[in-house]
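Q: Before I ask anything, let me first share the structure, which is written out below as structure tokens.
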Amino acid sequence: MAERGAGRRPDHLAAVPAVGPPPADAGDLLREVARGDEKAFGKLYDLVAPRVYGLIRRVLRDPAQAEEVAQEALVEVWRMAARFDPERGSATSWIFTIAHRRAVDRVRSEQAAGERTIRAGVASVDTPYDAVADEVNGRLERQQVRRCLDDLTELQRQAVTLAYYQGHSYPRVAELLGTPLPTVKTRMRDGLIRLRDCMGAGASA
Amino acid sequence: MTIDIHTLVGAYVLDAVDDIERAAFERHLRECDACRIEVTELGETAARLADNTWSVPPPWLRENVMTEIGRTRQAPPAVEAAPVTRTAPRRRRFAAAAAAVVAAVGAGSAVYAVQDQRVRDQRQVAEAARAEQARVRTILAAPDVVLSRQDVSTGGRVTVATSRLHNAGVVMLAAEAAPTGRVYQLWTIRPGGAPQSAGVLNEGQAADVVVLEGLPGATDVGVTIEPPKGSATPTLPLVADVKLA
């Protein structure tokens with residue numbers, strides 16, 4: 001075990017962020033945002049932006065476009081905050097739903113126009129703080145999602161991930177998988193049910 | 001509810017329907033309580049899939065968004081039936097806790113560095129902090145890493161990651177503030193041995209990340225509330241007792 005004695009931090013060496021109580025959760029922040037509190041929105045941004053951006057980027061695959069759509073989605077969160085109803089869902093879920101729909105709308109409109117462009121190169125710029133944030137948060141949360149996805153049947157997993165991460169409609173998923181439409185719809189539903197049970201069990205562990 | 005509409009729940013939640021189907025489904029939802037419950041639950045599950053996508057946005061995005069909201073009017077609360085949103089039956093505070101943990105990675109490292117090196121120049125402190133962070137990342141990224149989580153009885157959560165491969169572990173505490181004049185102290189418990197201190201937090205410090213070399217031999221990581229500077233033996237009860245696999 002590391003020799004790590006009593007924590008005494010000399011006052012003059014406050015080179016790193018001071019540690020306060022854990023930040024408020026997204027639901028509390030969103031309520032403040034609904035009252036026009038820009039500072040609360042800043043905190044909410046810090047909490048959800050990596051997932052909002054990451055999700056949109058995963059669907060769009062193009063960092064520049066992902067940035068644009070993430071900005072639209074986050075501004076929509078600000079604009080619509082008063083419409084969030086905690087009775088009907090968690091704040092994070094509400095936010096990711098907005099983000100996911102925006103990404104899917106963009107992908108579909110491009111597919112329709114037949115001009116899906118994949119511009120490479122403009123990678124995100126990581127600050128050291130962000131790199132750590134990415135690693136610690138990502139590692140812990142990814143682990144459970146990945147484990148639960150692995151728990152699905154092949155068809156369930158394909159149906160869920162092709163729709164969610166790539167933004168395909170279920171008829172398109174059926175086509176890609178060479179599977180009848182009703183089967184795809186069913187696999188999406190029972191795949192999600194299985195995920196729900198897996199994540200629920202994991203969360204309380 | 002009709003069979004047909006009901007089977008659309010999954011596709012709807014995954015945004016795999018077109019606009020017409022979505023509108024039809026949402027119309028149906030207003031009249032179908034069972035469907036609404038299922039959509040809320042599965043919607044929450046689908047949103048968890050976003051956990052898998054962490055990607056750090058470019059730093060300027062924050063500024064752009066903040067500027068944009070500064071000139072964007074907010075919509076008033078909905079008067080009519082709100083659009084269907086998704087629900088969280090289970091509490092999800094981990095994202096918030098994890099954010100605190102992240103902040104603590106920096107702070108914890110500096111404490112560590114300062115203790116080991118006392119007064120040296122800032123650059124060496126930063127280097128040690130980086131080394132500590134690298135160690136944290138290495139352990140968290142180990143192929144055999146096992147995560148154990150436990151709620152802290154006074155609020156918050158402690159997460160322990162252990163890797164036999166690296167013969168080390170990382171304890172991440174993100175708790176509610178300790179009572180005034182009290183501090184959190186971490187302990188490791190080994191078979192047949194007395195609890196050993198694994199670090200004392202500062203007053204007012206509720207989150208920390210600590211690397212513990214040799215942790216895989218231990219059976220438990222405990223958390224107690226102690227007087228400032230900590231105690232030689234844990235003051236019971238433990239506010240968290242994480243059983244290690």
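Residues in the structure tokens are numbered from 1 in each chain, the chains being A, B, ... in the order shown, and ligands are numbered from 1 in the order shown.
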Pro182 (chain A): which residues within 8 Å, counting only C-alpha atoms, same-chain residues fewer than 3 positions away excluded, as a VMD selection string?
A: (chain A and resid 185 to 186) or (chain B and resid 7)
Q: Output C-alpha atoms for every residue in the selection just made, as a PDB file, in the first residue's frame.
A:
```
ATOM      1  CA  LYS A 185     -38.804  -4.261 -34.338  1.00  0.00           C
ATOM      2  CA  THR A 186     -39.133  -7.078 -31.839  1.00  0.00           C
TER       3      THR A 186
ATOM      4  CA  THR B   7     -43.786  -3.589 -31.102  1.00  0.00           C
TER       5      THR B   7
END
```
Q: Just give me the gap between CA of Arg102 (chain A) and CA of Gln65 (chain A) in Å, one decimal is fine.
A: 11.4 Å
Q: Can you pull out every residue within 9 Å of region 148-158 of chain A, counting only C-alpha atoms, but drop anything in the same chain fewer than 5 positions away, and send it as number ranges by chain?
A: A: 143, 163, 173, 177, 184, 186-192, 194-196, 198-199, 202
Q: Any idea what's packed within 9 Å of Val158 (chain B), counting only C-alpha atoms, ignoring anything in its chain fewer than 4 positions away? Could you give it as a list in words?
A: Ser148, Arg149, Gln150, Asp151, Val152, Val171, Met172, Leu173, Ala174, Ala175, Val223, Ala240, Asp241 and Val242 of chain B
Q: Excluding same-chain residues fewer than 5 positions from Arg146 (chain A), what lies within 10 Å of it counting only C-alpha atoms, as a ChimeraX atom specification?
A: /A:141,151 /B:49,51-52
Q: Of the candidates A:Pro180, A:Gly42, A:Gly167, A:Gly89, which shows the shortest atom-to-atom distance to chain B, using only C-alpha atoms?
A: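 When distances to chain B are compared using only C-alpha atoms, the smallest one comes from A:Gly89.
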Q: Please report the interatomic distance between CA of Gln205 (chain B) and CA of Ser153 (chain B) in Å with one decimal.
A: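 Rounded to one decimal, the two atoms are 16.8 Å apart.
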Q: Tell me which protein, DNA and RNA residues are within 8 Å of region 14-27 of chain B, counting only C-alpha atoms, leaving out same-chain ones fewer than 4 positions away, and put them as a count of residues only.
A: 17
